[in-house]
2 protein chains.
Amino acid sequence: MPVGLGPLPTLHPVPGFRLGIASAGIKKAGRKDVVVMEVAADARIAGVFTTNAFCAAPVTLCKQHLSNAPRYLLVNTGNANAGSGKPGMQAALTTCEALARLTKVEPGQILPFSTGVIGEVLPADKIIAVLPQALADLAENNWTTAAEGIMTTDTLPKGASRQITLNGQTVTITGMSKGAGMIRPNMATMLGYIATDARVAQPVLQQMLKQAADLSFNRITIDGDTSTNDSCMLIATGQAAMEEIGDPTSSEYILLSEAVNSVMLELAQAIVRDGEGATKFVTVQVNGGGNRDECLDVAYAVAHSPLIKTALFASDPNWGRILAAVGYAGVPDLDVEKIDVYLDDVCITRNGGRAAEYTEEQGARVMAQAEISIRIELSRGEFSETIWTTDLSHEYVRINAEYRT
Amino acid sequence: MPVGLGPLPTLHPVPGFRLGIASAGIKKAGRKDVVVMEVAADARIAGVFTTNAFCAAPVTLCKQHLSNAPRYLLVNTGNANAGSGKPGMQAALTTCEALARLTKVEPGQILPFSTGVIGEVLPADKIIAVLPQALADLAENNWTTAAEGIMTTDTLPKGASRQITLNGQTVTITGMSKGAGMIRPNMATMLGYIATDARVAQPVLQQMLKQAADLSFNRITIDGDTSTNDSCMLIATGQAAMEEIGDPTSSEYILLSEAVNSVMLELAQAIVRDGEGATKFVTVQVNGGGNRDECLDVAYAVAHSPLIKTALFASDPNWGRILAAVGYAGVPDLDVEKIDVYLDDVCITRNGGRAAEYTEEQGARVMAQAEISIRIELSRGEFSETIWTTDLSHEYVRINAEYRT
């Protein structure tokens, strides 16, 4: 059951960006599992990708093709085409070639993406067979169906949309993402696509994406497993009547960047809200660190601890487990007597020990909520970091024990 | 259900080392929860302790007292006395003082140990009330009852024993340990006590313990959570008729060290076999690393991945998840095309892709076993490391969601 995630909001079409969906029966017959996206001829595209050394064949191809003025993005679910060796690379190339023939562009102008089971070669034939169907379906108002078409173990589609005014011109930013397991993005999430009709120079667009990813997709974790297929793309179709944004200090850049950040944060948090087996949406905030890395080390130690995650599932304010995780996070010369820990507004630990005024009832009240904030004050510097995570439930074990059956 | 762990083996008494057990009702009425150990007056004691910055009050005291020619070890379960601030430290001291009064030694000659719930002050009064009972119970042949007396969520007591001949003299090495959650020791395990009647100089004994811990307790993980209370003690009572071992290159050192290693490995593996919710006993071996650290990084990435652990629980040879973990373990410049992965004798991955001859049936056969070996060949150097871990089951979630209720 997703936590605080409802039906899709209105997803405004983005001029110059069309989406088409088809069913190839890759893992399950009848499931929407292929999405083609077409971008305007002079669009700019930025991408961030997994740091996993075993990155999937489509990730490798996608990085190579990114500088070739790409015209189409091709996504499949049901098969990650990762750990699939040379046959997997050949299969990914074959799908690019097939789509290129149908659309009369070069194979190098296709960006491929796959998500699903790792270790099996992509069934290229099945995908190629439905490309005409996906192309016939291309439309700017297909975001909702496309968001469903990229789902795997997700229980709900994920999308976000904003419209802003840049120099009197309405500009749209719309995106979609998918999770829901093997989520500890390290450059990007499993799959995320954000499009805008703004005109933005490519290097500036890449900078905007990297900054936004570091505030959103790179700050979520469900199980600590960094995927082989994480890819997040930001597309600027340039269809809006405006000057190209080429200066990352301009007010236009800042306005657009804020909207992109907002869309990507909503998409990233949606992945956590729909995390495998999630019953809680948990914010972990670490303040007062000596640098960003130690804040993140503490936050991820807390977010990855199976003992804390099961206590969250049980709504048990077992704050000793939080202290233990802070203690083993590897922060050098940590003075535990300066540490305070809060559950929402309730101080549970002050100066490294149980807060005098704390009662189990107060802790239990917060833990019973579906959305919980754990705030850790290290009191040794000026840095802060915030990440988002889930609990560890029986349902998580069931989903992942039965995933391939 | 523990994996391959039966009733306790014969635990030979160690001359000069007596154990006494009592029930203080710390967490549950009637449970054996206090163990006192008495060591001969001229015994040597070595210890290794958790690296958790939030180490418990007894760990701090134990380190301070170790150089004071300790005479008694005092263990309680049901309360870890960690994250308990100054009142916790005072409570630990109070128990040491009480035992010292009864035994006519200095409080600094008592080594205290606690395990159980974190974040609550130790109920010193309850412990002190049963010290006379524990002292009256002191006997050299009490290892079996003591091994039960240090259990928390363990389902079975854990002990191991060897007898060797050193220069014609029989020498005994007997130990006990307890788990079973918050287990990713980083210096030692939750609690481990190994005694021998050999005569060994203290610095040499400390070296022997550190080496043995790095081959046993420091190579196991259940949930990746490094405890606040890990402590492992090696006691040499010196009662055997022999010269003191003072040279770590002597044949006596090597023989004794091998026996100590063997006892400690059996104790450490017993903790994994009885890991919370464990249905599988899993050996993760990484060969061909460029150094020890990268072997361990890969091994722990595999051992901590919730996706691999749930696949192990499901007996699903989902080897793609193993590749993904190897890929995100952080090994610099990893050449995935050199990597082979084996499940027991079955090669599942060769040169980074699915082995041509591999069939799901072969993988399923190995995964159905209760004891499974995952071997990863990095083919980039001469270093190897082996660690032991468990799967992640519904029972793990249940135990840890209900731990305090």
# chains A, B, ... in the order shown; residues from 1 in each chain; ligands from 1
>>> select_by_dssp(residues="range 141-269 of chain B", states="alpha helix (DSSP H)", output="ChimeraX atom specification")
/B:143-149,202-214,251-269
>>> interface_residues(of="chain A", to="chain B", cutoff="6 Å", atoms="only C-alpha atoms", output="number ranges by chain")
A: 52-54, 83-85, 118-119, 228, 310-311, 314, 320, 324, 327-328, 353, 394, 397, 400-401
>>> atom_distance(atom1="CA of Glu377 in chain B", atom2="CA of Asp340 in chain B")
5.1 Å
>>> closest_residue(among="A:Ser250, A:Asn218, A:Thr95, A:Asn79", to="Thr152 in chain A", atoms="only C-alpha atoms")
A:Asn79
>>> residues_around(residues="Asn167 in chain B", least_positions_apart="2", cutoff="10 Å", atoms="only C-alpha atoms", output="JSON, numbers by chain")
{"B": [164, 165, 169, 170, 171, 241, 242, 243, 251, 252]}
>>> write_last_selection(atoms="N, CA, C and O atoms", output="PDB file, in the first residue's frame")
ATOM      1  N   ILE B 164      44.130 -29.909  23.059  1.00  0.00           N
ATOM      2  CA  ILE B 164      45.336 -30.134  22.271  1.00  0.00           C
ATOM      3  C   ILE B 164      46.468 -30.510  23.220  1.00  0.00           C
ATOM      4  O   ILE B 164      46.349 -30.357  24.439  1.00  0.00           O
ATOM      5  N   THR B 165      47.521 -31.006  22.650  1.00  0.00           N
ATOM      6  CA  THR B 165      48.685 -31.360  23.461  1.00  0.00           C
ATOM      7  C   THR B 165      49.806 -30.378  23.161  1.00  0.00           C
ATOM      8  O   THR B 165      50.196 -30.202  21.996  1.00  0.00           O
ATOM      9  N   GLN B 169      51.561 -31.886  27.370  1.00  0.00           N
ATOM     10  CA  GLN B 169      50.562 -31.497  28.374  1.00  0.00           C
ATOM     11  C   GLN B 169      49.227 -31.237  27.667  1.00  0.00           C
ATOM     12  O   GLN B 169      49.183 -30.549  26.647  1.00  0.00           O
ATOM     13  N   THR B 170      48.127 -31.786  28.193  1.00  0.00           N
ATOM     14  CA  THR B 170      46.812 -31.501  27.604  1.00  0.00           C
ATOM     15  C   THR B 170      46.373 -30.088  27.986  1.00  0.00           C
ATOM     16  O   THR B 170      46.413 -29.708  29.157  1.00  0.00           O
ATOM     17  N   VAL B 171      45.991 -29.348  26.977  1.00  0.00           N
ATOM     18  CA  VAL B 171      45.504 -27.986  27.199  1.00  0.00           C
ATOM     19  C   VAL B 171      44.103 -27.888  26.627  1.00  0.00           C
ATOM     20  O   VAL B 171      43.828 -28.432  25.558  1.00  0.00           O
ATOM     21  N   ALA B 241      50.558 -26.958  33.380  1.00  0.00           N
ATOM     22  CA  ALA B 241      51.981 -27.014  33.744  1.00  0.00           C
ATOM     23  C   ALA B 241      52.821 -26.813  32.489  1.00  0.00           C
ATOM     24  O   ALA B 241      53.068 -27.757  31.736  1.00  0.00           O
ATOM     25  N   MET B 242      53.171 -25.585  32.210  1.00  0.00           N
ATOM     26  CA  MET B 242      53.908 -25.290  30.981  1.00  0.00           C
ATOM     27  C   MET B 242      54.601 -23.948  31.121  1.00  0.00           C
ATOM     28  O   MET B 242      54.271 -23.137  31.983  1.00  0.00           O
ATOM     29  N   GLU B 243      55.593 -23.748  30.274  1.00  0.00           N
ATOM     30  CA  GLU B 243      56.248 -22.437  30.189  1.00  0.00           C
ATOM     31  C   GLU B 243      55.255 -21.428  29.612  1.00  0.00           C
ATOM     32  O   GLU B 243      54.419 -21.768  28.772  1.00  0.00           O
ATOM     33  N   SER B 251      56.279 -22.630  18.109  1.00  0.00           N
ATOM     34  CA  SER B 251      55.360 -23.690  17.684  1.00  0.00           C
ATOM     35  C   SER B 251      54.210 -23.808  18.674  1.00  0.00           C
ATOM     36  O   SER B 251      53.083 -24.140  18.289  1.00  0.00           O
ATOM     37  N   GLU B 252      54.455 -23.529  19.969  1.00  0.00           N
ATOM     38  CA  GLU B 252      53.369 -23.584  20.948  1.00  0.00           C
ATOM     39  C   GLU B 252      52.315 -22.519  20.636  1.00  0.00           C
ATOM     40  O   GLU B 252      51.110 -22.765  20.715  1.00  0.00           O
TER      41      GLU B 252
END
>>> residues_around(residues="Arg375 in chain A", least_positions_apart="6", cutoff="7 Å", atoms="only C-alpha atoms", output="list in words")
Val284, Gln285, Val286, Val341, Tyr342 and Leu343 of chain A
>>> select_by_dssp(residues="range 101-209 of chain A", states="strand (DSSP E)", output="ChimeraX atom specification")
/A:110-114,158-166,169-178,191-196
>>> atom_distance(atom1="CA of Lys210 in chain B", atom2="CA of Ala180 in chain B")
21.6 Å
>>> closest_residue(among="B:Arg71, B:Arg292, B:Arg380, B:Lys126", to="Val34 in chain B", atoms="only C-alpha atoms")
B:Lys126
>>> closest_residue(among="A:Met1, A:Ala240, A:Leu73, A:Ala57", to="Gln109 in chain A", atoms="only C-alpha atoms")
A:Leu73
>>> atom_distance(atom1="CA of Ala29 in chain B", atom2="CA of Cys96 in chain B")
22.8 Å
>>> residues_around(residues="Thr237 in chain A", least_positions_apart="6", cutoff="9 Å", atoms="only C-alpha atoms", output="list in words")
Val14, Pro15, Gly16, Phe17, Val39, Ala40, Ala41, Asp42, Ala43, Arg44, Ile45, Ala195, Thr196, Asp197, Ala198, Arg199 and Val200 of chain A
>>> residues_around(residues="Asp154 in chain A", least_positions_apart="2", cutoff="8 Å", atoms="only C-alpha atoms", output="ChimeraX atom specification")
/A:151-152,156-157,178-180,274-276
>>> residues_around(residues="Ala24 in chain A", least_positions_apart="2", cutoff="9 Å", atoms="only C-alpha atoms", output="list in words")
Ala22, Ile26, Lys27, Lys28, Ala29, Gly30, Arg31, Lys32, Asp33, Val34, Asn76, Lys126, Ile127, Ile128, Ala129, Val130 and Leu131 of chain A
